[in-house]
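Enquirer: Dropping a structure here in structure tokens format, bear with me for questions.
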Amino acid sequence: MTDTPYHDITGRGPVLLLLPGGAGHPMGLGPLVERLATRFTVVTYDPLGLAHGRLGQPVAEQRVADWSAGARRVLDAVAPAGEPAHVFGTSSGGIAALDLLARHPGRVAHVVAHEPPCVTVLPDGDARRTELIEQLDGPGRLPAEGPSATPMGVFLARVLRPFTSYVPAAPPPGRLTLAAGADSRGQLLYRTAEALAERLRCTLAEFPGGHLGTLDHPVEFADRLAGTLRSNARTSA
């Protein structure tokens, strides 16, 4: 891997680091990025380089700490020295965003973590994690390597298990918003976001759509994200 991990930059304005879900491939996020780029310099992090020619190559089991360390290196390369950046992560990217805030708070102005699947924080979390893995990773697994590899195959084989066992540390006060989709109410990842917000003593915000709200409602989702970040910037000013 290069000294600076794979990423793309678009737009103008304050830096917003975007951490996609799944295996980190930003597929489908174009409309969201386009909307956000009217207000931010959007830096889309691709931790495994899957959108940069590495899909199909061997991938080791992933560690949350490695994704967050890579995110910090991206921020060191693209953000002005000493200037904290906004960070948004969804699903597994939300877990990496939580770890980035915990390990490198000086590089982060505010994090919005959307439905991070840290399900072990629930009272019955171990059982829910087992069910989630069985539900997603059933028979006929998609390939993770070779010419038929898919980002979902990489996620199921190399990301799902280690990331869903992650338990986040308490963040600095006022620097984190947990987000859950309005269409996810009552579902596992909404309940996980609620439990995390209570555990970490931070705000829980509803965003448009469900777990894939970034894809299904990109304009509304981007506007909600921008408003959340602006509101927290005023609060911390």
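By order of appearance in the structure tokens: chains A, B, ..., then residues from 1 within every chain, and ligands from 1 in the order shown.
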Could you list, as a list in words, every residue within 10 Å of Leu188 of chain A, counting only C-alpha atoms and ignoring same-chain residues fewer than 4 positions away?
Expert: Glu115, Pro117, Val119, Leu122, Gly125, Arg128, Arg129, Leu132, Ser184, Thr192, Ala193 and Glu194 of chain A
Enquirer: A:Ile9, A:Leu17, A:Leu32, A:Cys202: which is nearest Pro218 of chain A, counting only C-alpha atoms?
Expert: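 Of A:Ile9, A:Leu17, A:Leu32, A:Cys202, the one nearest Pro218 of chain A, counting only C-alpha atoms, is A:Leu32.
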Enquirer: Per DSSP on the backbone, filter segment 3-113 of chain A down to the residues in helix (DSSP H, G or I) and report them as a PyMOL selection string.
Expert: chain A and resi 30-36+50-52+64-78+92-103+105-107
Enquirer: Would you output that residue set with C-alpha atoms, as a PDB file, in the first residue's frame?
Expert:
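Wrote it out as part_35.pdb, contents follow:
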ATOM      1  CA  GLY A  30     -21.715   9.217  -6.069  1.00  0.00           C
ATOM      2  CA  PRO A  31     -24.999  11.140  -5.610  1.00  0.00           C
ATOM      3  CA  LEU A  32     -24.347  11.597  -1.881  1.00  0.00           C
ATOM      4  CA  VAL A  33     -20.819  12.826  -2.507  1.00  0.00           C
ATOM      5  CA  GLU A  34     -21.995  15.162  -5.275  1.00  0.00           C
ATOM      6  CA  ARG A  35     -24.509  16.795  -2.931  1.00  0.00           C
ATOM      7  CA  LEU A  36     -22.030  17.086  -0.053  1.00  0.00           C
ATOM      8  CA  LEU A  50     -11.185  -1.974  -3.871  1.00  0.00           C
ATOM      9  CA  ALA A  51     -12.282   0.953  -6.043  1.00  0.00           C
ATOM     10  CA  HIS A  52      -8.670   1.567  -7.069  1.00  0.00           C
ATOM     11  CA  VAL A  64     -10.747  -1.754  13.036  1.00  0.00           C
ATOM     12  CA  ALA A  65      -7.554  -0.128  14.283  1.00  0.00           C
ATOM     13  CA  ASP A  66      -5.951  -0.471  10.839  1.00  0.00           C
ATOM     14  CA  TRP A  67      -8.875   1.277   9.150  1.00  0.00           C
ATOM     15  CA  SER A  68      -8.788   4.143  11.640  1.00  0.00           C
ATOM     16  CA  ALA A  69      -5.003   4.450  11.371  1.00  0.00           C
ATOM     17  CA  GLY A  70      -5.364   4.713   7.605  1.00  0.00           C
ATOM     18  CA  ALA A  71      -8.074   7.334   8.006  1.00  0.00           C
ATOM     19  CA  ARG A  72      -5.755   9.386  10.196  1.00  0.00           C
ATOM     20  CA  ARG A  73      -3.032   9.163   7.560  1.00  0.00           C
ATOM     21  CA  VAL A  74      -5.458  10.383   4.928  1.00  0.00           C
ATOM     22  CA  LEU A  75      -6.393  13.340   7.125  1.00  0.00           C
ATOM     23  CA  ASP A  76      -2.730  14.109   7.728  1.00  0.00           C
ATOM     24  CA  ALA A  77      -2.266  14.268   3.953  1.00  0.00           C
ATOM     25  CA  VAL A  78      -5.328  16.278   2.948  1.00  0.00           C
ATOM     26  CA  SER A  92     -18.505  -0.731   9.162  1.00  0.00           C
ATOM     27  CA  GLY A  93     -17.210   2.712   8.212  1.00  0.00           C
ATOM     28  CA  GLY A  94     -19.078   4.055  11.230  1.00  0.00           C
ATOM     29  CA  ILE A  95     -17.130   1.658  13.429  1.00  0.00           C
ATOM     30  CA  ALA A  96     -13.860   2.895  11.937  1.00  0.00           C
ATOM     31  CA  ALA A  97     -15.017   6.481  12.550  1.00  0.00           C
ATOM     32  CA  LEU A  98     -15.686   5.690  16.217  1.00  0.00           C
ATOM     33  CA  ASP A  99     -12.201   4.230  16.554  1.00  0.00           C
ATOM     34  CA  LEU A 100     -10.647   7.218  14.776  1.00  0.00           C
ATOM     35  CA  LEU A 101     -12.271   9.571  17.279  1.00  0.00           C
ATOM     36  CA  ALA A 102     -11.143   7.454  20.224  1.00  0.00           C
ATOM     37  CA  ARG A 103      -7.540   7.071  19.063  1.00  0.00           C
ATOM     38  CA  PRO A 105      -9.286  12.979  18.713  1.00  0.00           C
ATOM     39  CA  GLY A 106      -7.020  15.833  17.726  1.00  0.00           C
ATOM     40  CA  ARG A 107      -7.698  15.198  14.026  1.00  0.00           C
TER      41      ARG A 107
END
Enquirer: Of the candidates A:Arg185, A:Arg54, A:Arg63, A:His211, which one gets nearest to Leu160 of chain A if we count only C-alpha atoms?
Expert: A:Arg63
Enquirer: Using Å and a single decimal, report how far atom CA of Leu18 of chain A sits from atom CA of Thr214 of chain A.
Expert: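 Between atom CA of Thr214 of chain A and atom CA of Leu18 of chain A the gap works out to 11.3 Å.
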Enquirer: Could you give me, as a list in words, the residues within 8 Å of Val15 of chain A, counting only C-alpha atoms and dropping anything in the same chain fewer than 4 positions from it?
Expert: Phe40, Thr41, Val42, Val43, Ala79, Ala85 and His86 of chain A
Enquirer: Those same residues, written as a PDB file, in the first residue's frame with C-alpha atoms?
Expert:
ATOM      1  CA  PHE A  40     -17.460  20.387   1.816  1.00  0.00           C
ATOM      2  CA  THR A  41     -14.198  19.079   0.497  1.00  0.00           C
ATOM      3  CA  VAL A  42     -15.324  15.454   0.527  1.00  0.00           C
ATOM      4  CA  VAL A  43     -12.507  12.953   1.039  1.00  0.00           C
ATOM      5  CA  ALA A  79      -6.382  18.448   5.893  1.00  0.00           C
ATOM      6  CA  ALA A  85     -11.947  17.528  10.127  1.00  0.00           C
ATOM      7  CA  HIS A  86     -15.552  16.417  10.040  1.00  0.00           C
TER       8      HIS A  86
END
Enquirer: Of the residues A:Leu200, A:Ala113, A:Ala195, A:Val167, which is the one nearest to Gly89 of chain A, using only C-alpha atoms?
Expert: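 Comparing A:Leu200, A:Ala113, A:Ala195, A:Val167 against Gly89 of chain A, the winner is A:Ala113.
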Enquirer: Need the shell around Gly49 of chain A: protein/DNA/RNA residues with any atom at most 9 Å away, counting only C-alpha atoms. Skip same-chain ones fewer than 2 positions apart. Format as a VMD selection string?
Expert: chain A and resid 1 5 to 7 24 to 25 45 to 47 51 to 55
Enquirer: So that I can check the secondary structure, give me every residue of segment 5-73 of chain A assigned strand (DSSP E or B) by backbone DSSP, as a ChimeraX atom specification.
Expert: /A:7-11,15-19,41-45
Enquirer: To one decimal place, how far is atom CA of Arg141 of chain A from atom CA of Leu189 of chain A in Å?
Expert: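 Separation between atom CA of Arg141 of chain A and atom CA of Leu189 of chain A: 22.4 Å.
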Enquirer: Using only C-alpha atoms, can you tell me which of A:Arg201, A:Pro172, A:Arg230, A:Ala179 comes closest to Ser91 of chain A?
Expert: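 Between A:Arg201, A:Pro172, A:Arg230, A:Ala179, the residue approaching Ser91 of chain A most closely is A:Ala179.
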Enquirer: Identify which of the residues A:Leu225, A:Cys118, A:Ala149, A:Val159 lies closest to Gly22 of chain A, counting only C-alpha atoms when measuring atom-to-atom distances.
Expert: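 Going through A:Leu225, A:Cys118, A:Ala149, A:Val159 one by one, the smallest distance to Gly22 of chain A is for A:Val159.
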Enquirer: Neighbours of Thr177 of chain A within 10 Å (only C-alpha atoms; same-chain residues fewer than 5 positions away dropped), as a ChimeraX atom specification?
Expert: /A:88,110-114,193,197,200-205,228-229,232
